[in-house]
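The block underneath contains the structure these notes are about, expressed in structure tokens.
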Amino acid sequence: MTPAVRAVAVRLLRWDEVWSGRSCSCPLSAILRILRMRLSIQRSGQELLCEKRGPLAHHISVGAVPLGAVPGRAAVGAFRLAGPCFGLRPEVPAACSGEPGAARPTRACLGLRSGSPVPRPCSMLRAVIQTPLCPLHRAFRQAPGRQLRRNPSCTASRSPALLSCAPWQPGIMAATALKPLIAVCQLTSTPDKEQNFTSCSQLIREAVQRGACVVFLPEAFDFIGSDTQETLSLAESLEGAQIQRYAGLARECGVWLSLGGFHERGEDWASTRRIYNCHLLLDPTGHIVATYRKTHLCDVELEGRVSMKESKFTNPGPEIVPPVSTPAGKVGLTICYDLRFPEISLALTQEGAEILTYPSAFTMTTGSAHWEVLLRARAIETQCYVVAAAQTGKNHERRTSYGHTMVVDPWGSVIAQCQEGPGLCYAEIDLGYLRRIRREMPICTHRRADLYGRVTVLKKPLPP
């Protein structure tokens, strides 16, 4: 790089930008900070070539912007799509190559069946670049005096604005800023606590690398015992080694952790010999900012199919915990069987919840019948995002969990879901979309409290 070059940027060309001439640019320092662990970087004259190969293969050509040049108008390279992502063949036809003057992509070059609609250009590119670039705003904000803002030179209302450097404006998130990304884990917990922690920590670290600001773990993330005696013997207090390890992991990764259902030995353990099913929320410093103890215990007898008696060894929680503010929104805490009781979700919504969490361990019988429909119902009636981390697969010889970890948006659409086996799914939380739905269909203000009362969180619960 010559001394005259003081700014470097990467330009990403969407399909529709190839034809319209619009472009996006953002600081190379922010891009490389995110991609340096995954991309090989080669210096070639005044151009840096960042290349990644794999299932979502793509190329990002990066060049220098001369001093005084307007970001986005200099010829700083192009973003090209290749490989099997969203159906593109490894050898992309000319019509799909993104070359200037090329025809719009057809169904054939996108690998789509005849008669199927061609995806919108924005959504196609978003599917490819979301993985490496989702943490862009979060990483770039850490640079002192910097913020992502809308560039006034971009006048097209439907095209994304240019991302450029601007003075930090406290409390203002620009319209171009990437929305908060959450990660939801799906696990197969066993009685082996060490193995479970290894699995959880791997998923958490993977989620952080992908830019998640909050990671959600399912109920019984610590272990699932094969019987009551084993469950009680493996339980710990909140001051025990297990939670301390997760607190250290939150500090190390700088991420919020929703620990969906911890087998807690409470203060009354010595007298009752019973535990609590405790949902903890940890902040990036490792501090416990909220603890919710499961209020609805699962005592179910489905003849010949499911037999559960949670109250046999678990104390019910005494209260509903008000929602907690996180980078993704205000999170309301619940656990598994609470999903069947809409009162608690309505009460949390009255307190300002924007995200409802249902970390769970549904059985195959109940999950296949009720899981998705209940989650979508809670989202629709509260107009909240619903996040449901789940146990999956064979936990031990006598138990198999349903899985199907998912995220539902305030309209009731499933926007993320895990398939079989342990893993992660990701979702962006769009609070602007949530507020729009609540504004256009204000069901909260339409409720007839004069006829059937109002569900609220009791500050001082009534005695049993």
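Naming scheme: A, B, ... for chains in displayed order of the structure tokens; residues 1 onward per chain; ligands 1 onward as shown.
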Show me, as an MDAnalysis selection string, the residues that have an atom within 12 Å of range 440-447 of chain A when counting only C-alpha atoms, minus same-chain residues fewer than 3 positions from it. chainID A and resid 346:347 349:352 380:384 410:411 433:437 450:455
If I take CA of Ala416 in chain A and CA of Gly403 in chain A, how far is one from the other in Å, to one decimal? 13.2 Å
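Closest approach to Val457 in chain A among A:Ser271, A:Ser345, A:Ser258, A:Ser226: A:Ser345, based on only C-alpha atoms.
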Thr188 in chain A: which residues within 10 Å, counting only C-alpha atoms, same-chain residues fewer than 4 positions away excluded, as a ChimeraX atom specification? /A:196,199-200,218,220-221,223-224,361,390-396,400-401,403,421-423
I'd like the neighbourhood of Ser201 in chain A as a PDB file with all heavy atoms, in the first residue's frame, where a residue qualifies if any of its atoms comes within 9 Å (using only C-alpha atoms), though same-chain residues fewer than 5 positions away should be ignored.
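Done, and the output landed in part31.pdb:
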```
ATOM      1  N   ASN A 196     -21.288 -33.333  28.675  1.00  0.00           N
ATOM      2  CA  ASN A 196     -22.300 -32.328  28.357  1.00  0.00           C
ATOM      3  C   ASN A 196     -21.693 -30.932  28.303  1.00  0.00           C
ATOM      4  O   ASN A 196     -22.028 -30.130  27.415  1.00  0.00           O
ATOM      5  CB  ASN A 196     -23.430 -32.367  29.389  1.00  0.00           C
ATOM      6  CG  ASN A 196     -24.163 -33.693  29.398  1.00  0.00           C
ATOM      7  OD1 ASN A 196     -24.179 -34.409  28.397  1.00  0.00           O
ATOM      8  ND2 ASN A 196     -24.757 -34.024  30.533  1.00  0.00           N
ATOM      9  N   GLU A 206     -18.788 -21.788  18.878  1.00  0.00           N
ATOM     10  CA  GLU A 206     -19.146 -21.710  17.462  1.00  0.00           C
ATOM     11  C   GLU A 206     -20.133 -20.570  17.222  1.00  0.00           C
ATOM     12  O   GLU A 206     -20.018 -19.820  16.251  1.00  0.00           O
ATOM     13  CB  GLU A 206     -19.753 -23.032  16.999  1.00  0.00           C
ATOM     14  CG  GLU A 206     -20.191 -23.034  15.543  1.00  0.00           C
ATOM     15  CD  GLU A 206     -20.817 -24.345  15.123  1.00  0.00           C
ATOM     16  OE1 GLU A 206     -20.607 -25.363  15.824  1.00  0.00           O
ATOM     17  OE2 GLU A 206     -21.534 -24.362  14.101  1.00  0.00           O
ATOM     18  N   TYR A 246     -19.557 -22.125  33.489  1.00  0.00           N
ATOM     19  CA  TYR A 246     -20.331 -21.407  32.475  1.00  0.00           C
ATOM     20  C   TYR A 246     -20.143 -19.900  32.614  1.00  0.00           C
ATOM     21  O   TYR A 246     -20.133 -19.179  31.610  1.00  0.00           O
ATOM     22  CB  TYR A 246     -21.804 -21.792  32.563  1.00  0.00           C
ATOM     23  CG  TYR A 246     -22.108 -23.108  31.896  1.00  0.00           C
ATOM     24  CD1 TYR A 246     -22.182 -24.288  32.632  1.00  0.00           C
ATOM     25  CD2 TYR A 246     -22.302 -23.183  30.523  1.00  0.00           C
ATOM     26  CE1 TYR A 246     -22.444 -25.495  32.024  1.00  0.00           C
ATOM     27  CE2 TYR A 246     -22.564 -24.394  29.898  1.00  0.00           C
ATOM     28  CZ  TYR A 246     -22.628 -25.547  30.658  1.00  0.00           C
ATOM     29  OH  TYR A 246     -22.887 -26.755  30.043  1.00  0.00           O
ATOM     30  N   LEU A 249     -17.014 -19.184  30.932  1.00  0.00           N
ATOM     31  CA  LEU A 249     -17.193 -19.272  29.483  1.00  0.00           C
ATOM     32  C   LEU A 249     -17.851 -18.004  28.937  1.00  0.00           C
ATOM     33  O   LEU A 249     -17.470 -17.502  27.867  1.00  0.00           O
ATOM     34  CB  LEU A 249     -18.041 -20.507  29.159  1.00  0.00           C
ATOM     35  CG  LEU A 249     -18.170 -20.909  27.695  1.00  0.00           C
ATOM     36  CD1 LEU A 249     -16.803 -21.199  27.093  1.00  0.00           C
ATOM     37  CD2 LEU A 249     -19.082 -22.123  27.563  1.00  0.00           C
TER      38      LEU A 249
END
```
Counting only C-alpha atoms, what is within 10 Å of Gln242 in chain A, bar same-chain residues fewer than 4 positions away, as a PDB file with N, CA, C and O atoms, in the first residue's frame?
```pdb
ATOM      1  N   LYS A 193     -21.797 -35.310  33.039  1.00  0.00           N
ATOM      2  CA  LYS A 193     -21.753 -33.851  33.111  1.00  0.00           C
ATOM      3  C   LYS A 193     -20.560 -33.268  32.356  1.00  0.00           C
ATOM      4  O   LYS A 193     -20.676 -32.206  31.732  1.00  0.00           O
ATOM      5  N   GLU A 194     -19.433 -33.922  32.402  1.00  0.00           N
ATOM      6  CA  GLU A 194     -18.245 -33.420  31.718  1.00  0.00           C
ATOM      7  C   GLU A 194     -18.442 -33.444  30.208  1.00  0.00           C
ATOM      8  O   GLU A 194     -18.091 -32.487  29.506  1.00  0.00           O
ATOM      9  N   PHE A 197     -20.807 -30.614  29.257  1.00  0.00           N
ATOM     10  CA  PHE A 197     -20.170 -29.302  29.253  1.00  0.00           C
ATOM     11  C   PHE A 197     -19.307 -29.116  28.012  1.00  0.00           C
ATOM     12  O   PHE A 197     -19.294 -28.030  27.410  1.00  0.00           O
ATOM     13  N   ASP A 222     -27.199 -29.314  31.767  1.00  0.00           N
ATOM     14  CA  ASP A 222     -26.110 -29.833  32.598  1.00  0.00           C
ATOM     15  C   ASP A 222     -26.056 -31.358  32.600  1.00  0.00           C
ATOM     16  O   ASP A 222     -24.995 -31.948  32.501  1.00  0.00           O
ATOM     17  N   ALA A 235     -27.049 -33.076  41.187  1.00  0.00           N
ATOM     18  CA  ALA A 235     -27.445 -31.666  41.289  1.00  0.00           C
ATOM     19  C   ALA A 235     -26.429 -30.861  42.090  1.00  0.00           C
ATOM     20  O   ALA A 235     -25.735 -31.388  42.972  1.00  0.00           O
ATOM     21  N   GLU A 236     -26.326 -29.553  41.789  1.00  0.00           N
ATOM     22  CA  GLU A 236     -25.395 -28.658  42.475  1.00  0.00           C
ATOM     23  C   GLU A 236     -26.109 -27.357  42.847  1.00  0.00           C
ATOM     24  O   GLU A 236     -27.194 -27.058  42.356  1.00  0.00           O
ATOM     25  N   SER A 237     -25.462 -26.585  43.681  1.00  0.00           N
ATOM     26  CA  SER A 237     -25.958 -25.246  43.998  1.00  0.00           C
ATOM     27  C   SER A 237     -25.479 -24.271  42.924  1.00  0.00           C
ATOM     28  O   SER A 237     -24.607 -24.609  42.105  1.00  0.00           O
ATOM     29  N   LEU A 238     -26.017 -23.063  42.943  1.00  0.00           N
ATOM     30  CA  LEU A 238     -25.596 -22.057  41.980  1.00  0.00           C
ATOM     31  C   LEU A 238     -24.160 -21.604  42.203  1.00  0.00           C
ATOM     32  O   LEU A 238     -23.545 -21.007  41.315  1.00  0.00           O
ATOM     33  N   TYR A 246     -19.557 -22.125  33.489  1.00  0.00           N
ATOM     34  CA  TYR A 246     -20.331 -21.407  32.475  1.00  0.00           C
ATOM     35  C   TYR A 246     -20.143 -19.900  32.614  1.00  0.00           C
ATOM     36  O   TYR A 246     -20.133 -19.179  31.610  1.00  0.00           O
ATOM     37  N   ALA A 247     -19.996 -19.422  33.842  1.00  0.00           N
ATOM     38  CA  ALA A 247     -19.719 -18.000  34.050  1.00  0.00           C
ATOM     39  C   ALA A 247     -18.370 -17.628  33.423  1.00  0.00           C
ATOM     40  O   ALA A 247     -18.233 -16.579  32.782  1.00  0.00           O
ATOM     41  N   PHE A 262     -31.300 -25.696  34.935  1.00  0.00           N
ATOM     42  CA  PHE A 262     -30.205 -26.237  35.753  1.00  0.00           C
ATOM     43  C   PHE A 262     -30.782 -26.942  36.969  1.00  0.00           C
ATOM     44  O   PHE A 262     -31.689 -26.429  37.634  1.00  0.00           O
TER      45      PHE A 262
END
```
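Across the structure, CA of Thr295 in chain A and CA of Leu348 in chain A are spaced 13.7 Å apart.
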For range 302-318 of chain A, work out the shell of residues within 8 Å, counting only C-alpha atoms and skipping chain neighbours fewer than 3 positions away, then give it as a PyMOL selection string. chain A and resi 228+232+273-277+292-299+363+365+461
Just-selected residues, N, CA, C and O atoms written as a PDB file, in the first residue's frame:
```pdb
ATOM      1  N   THR A 228     -34.304 -40.945  39.486  1.00  0.00           N
ATOM      2  CA  THR A 228     -34.408 -39.863  40.475  1.00  0.00           C
ATOM      3  C   THR A 228     -33.184 -39.786  41.368  1.00  0.00           C
ATOM      4  O   THR A 228     -32.667 -38.687  41.652  1.00  0.00           O
ATOM      5  N   LEU A 232     -30.717 -36.447  41.730  1.00  0.00           N
ATOM      6  CA  LEU A 232     -30.480 -35.723  42.979  1.00  0.00           C
ATOM      7  C   LEU A 232     -29.004 -35.720  43.363  1.00  0.00           C
ATOM      8  O   LEU A 232     -28.494 -34.731  43.901  1.00  0.00           O
ATOM      9  N   ARG A 273     -34.489 -32.127  50.650  1.00  0.00           N
ATOM     10  CA  ARG A 273     -33.852 -33.098  49.752  1.00  0.00           C
ATOM     11  C   ARG A 273     -34.518 -33.076  48.373  1.00  0.00           C
ATOM     12  O   ARG A 273     -34.618 -34.085  47.675  1.00  0.00           O
ATOM     13  N   ARG A 274     -34.967 -31.908  47.964  1.00  0.00           N
ATOM     14  CA  ARG A 274     -35.579 -31.707  46.659  1.00  0.00           C
ATOM     15  C   ARG A 274     -34.858 -30.555  45.966  1.00  0.00           C
ATOM     16  O   ARG A 274     -34.262 -29.698  46.622  1.00  0.00           O
ATOM     17  N   ILE A 275     -34.934 -30.517  44.658  1.00  0.00           N
ATOM     18  CA  ILE A 275     -34.192 -29.521  43.889  1.00  0.00           C
ATOM     19  C   ILE A 275     -35.152 -28.573  43.175  1.00  0.00           C
ATOM     20  O   ILE A 275     -36.378 -28.754  43.229  1.00  0.00           O
ATOM     21  N   TYR A 276     -34.581 -27.573  42.501  1.00  0.00           N
ATOM     22  CA  TYR A 276     -35.334 -26.658  41.656  1.00  0.00           C
ATOM     23  C   TYR A 276     -34.850 -26.815  40.214  1.00  0.00           C
ATOM     24  O   TYR A 276     -33.675 -27.110  39.963  1.00  0.00           O
ATOM     25  N   ASN A 277     -35.769 -26.611  39.286  1.00  0.00           N
ATOM     26  CA  ASN A 277     -35.419 -26.554  37.871  1.00  0.00           C
ATOM     27  C   ASN A 277     -35.237 -25.078  37.553  1.00  0.00           C
ATOM     28  O   ASN A 277     -36.198 -24.328  37.414  1.00  0.00           O
ATOM     29  N   TYR A 292     -34.889 -17.851  37.212  1.00  0.00           N
ATOM     30  CA  TYR A 292     -36.307 -18.228  37.235  1.00  0.00           C
ATOM     31  C   TYR A 292     -36.392 -19.718  37.549  1.00  0.00           C
ATOM     32  O   TYR A 292     -35.746 -20.540  36.893  1.00  0.00           O
ATOM     33  N   ARG A 293     -37.180 -20.050  38.545  1.00  0.00           N
ATOM     34  CA  ARG A 293     -37.370 -21.453  38.922  1.00  0.00           C
ATOM     35  C   ARG A 293     -38.730 -21.929  38.425  1.00  0.00           C
ATOM     36  O   ARG A 293     -39.745 -21.290  38.669  1.00  0.00           O
ATOM     37  N   LYS A 294     -38.706 -23.019  37.717  1.00  0.00           N
ATOM     38  CA  LYS A 294     -39.880 -23.532  37.006  1.00  0.00           C
ATOM     39  C   LYS A 294     -41.098 -23.604  37.924  1.00  0.00           C
ATOM     40  O   LYS A 294     -41.053 -24.216  38.991  1.00  0.00           O
ATOM     41  N   THR A 295     -42.188 -22.961  37.479  1.00  0.00           N
ATOM     42  CA  THR A 295     -43.383 -22.874  38.318  1.00  0.00           C
ATOM     43  C   THR A 295     -44.402 -23.977  38.049  1.00  0.00           C
ATOM     44  O   THR A 295     -45.135 -24.378  38.944  1.00  0.00           O
ATOM     45  N   HIS A 296     -44.454 -24.465  36.811  1.00  0.00           N
ATOM     46  CA  HIS A 296     -45.387 -25.533  36.451  1.00  0.00           C
ATOM     47  C   HIS A 296     -44.606 -26.832  36.294  1.00  0.00           C
ATOM     48  O   HIS A 296     -43.778 -26.959  35.387  1.00  0.00           O
ATOM     49  N   LEU A 297     -44.836 -27.771  37.177  1.00  0.00           N
ATOM     50  CA  LEU A 297     -44.099 -29.037  37.160  1.00  0.00           C
ATOM     51  C   LEU A 297     -44.869 -30.076  36.350  1.00  0.00           C
ATOM     52  O   LEU A 297     -46.094 -30.175  36.421  1.00  0.00           O
ATOM     53  N   CYS A 298     -44.113 -30.865  35.595  1.00  0.00           N
ATOM     54  CA  CYS A 298     -44.707 -31.811  34.648  1.00  0.00           C
ATOM     55  C   CYS A 298     -45.040 -33.134  35.340  1.00  0.00           C
ATOM     56  O   CYS A 298     -44.173 -33.992  35.520  1.00  0.00           O
ATOM     57  N   ASP A 299     -46.279 -33.284  35.717  1.00  0.00           N
ATOM     58  CA  ASP A 299     -46.784 -34.551  36.269  1.00  0.00           C
ATOM     59  C   ASP A 299     -47.792 -35.103  35.273  1.00  0.00           C
ATOM     60  O   ASP A 299     -48.951 -34.668  35.229  1.00  0.00           O
ATOM     61  N   THR A 363     -40.901 -34.954  25.244  1.00  0.00           N
ATOM     62  CA  THR A 363     -40.819 -36.355  24.830  1.00  0.00           C
ATOM     63  C   THR A 363     -41.235 -36.464  23.364  1.00  0.00           C
ATOM     64  O   THR A 363     -41.822 -35.543  22.784  1.00  0.00           O
ATOM     65  N   THR A 365     -43.599 -38.333  22.193  1.00  0.00           N
ATOM     66  CA  THR A 365     -45.068 -38.373  22.104  1.00  0.00           C
ATOM     67  C   THR A 365     -45.670 -36.977  22.165  1.00  0.00           C
ATOM     68  O   THR A 365     -46.476 -36.595  21.310  1.00  0.00           O
ATOM     69  N   PRO A 461     -46.374 -12.842  45.404  1.00  0.00           N
ATOM     70  CA  PRO A 461     -47.280 -13.959  45.130  1.00  0.00           C
ATOM     71  C   PRO A 461     -48.134 -14.303  46.340  1.00  0.00           C
ATOM     72  O   PRO A 461     -47.700 -14.222  47.502  1.00  0.00           O
TER      73      PRO A 461
END
```
Pairwise distance for CA of Val373 in chain A and CA of Arg438 in chain A, rounded to one decimal in Å: 20.9 Å
Select, from A:Glu252, A:Gly240, A:Ala290, A:Ala207, the residue with the minimum atom-to-atom distance to Gly266 in chain A, counting only C-alpha atoms. A:Gly240
Distance query range 357-359 of chain A at most 7 Å, only C-alpha atoms, self and fewer than 6 positions along chain excluded, as JSON, numbers by chain: {"A": [217, 218, 219, 260, 332, 333, 334, 335, 336, 339, 386, 387, 388, 389, 390]}
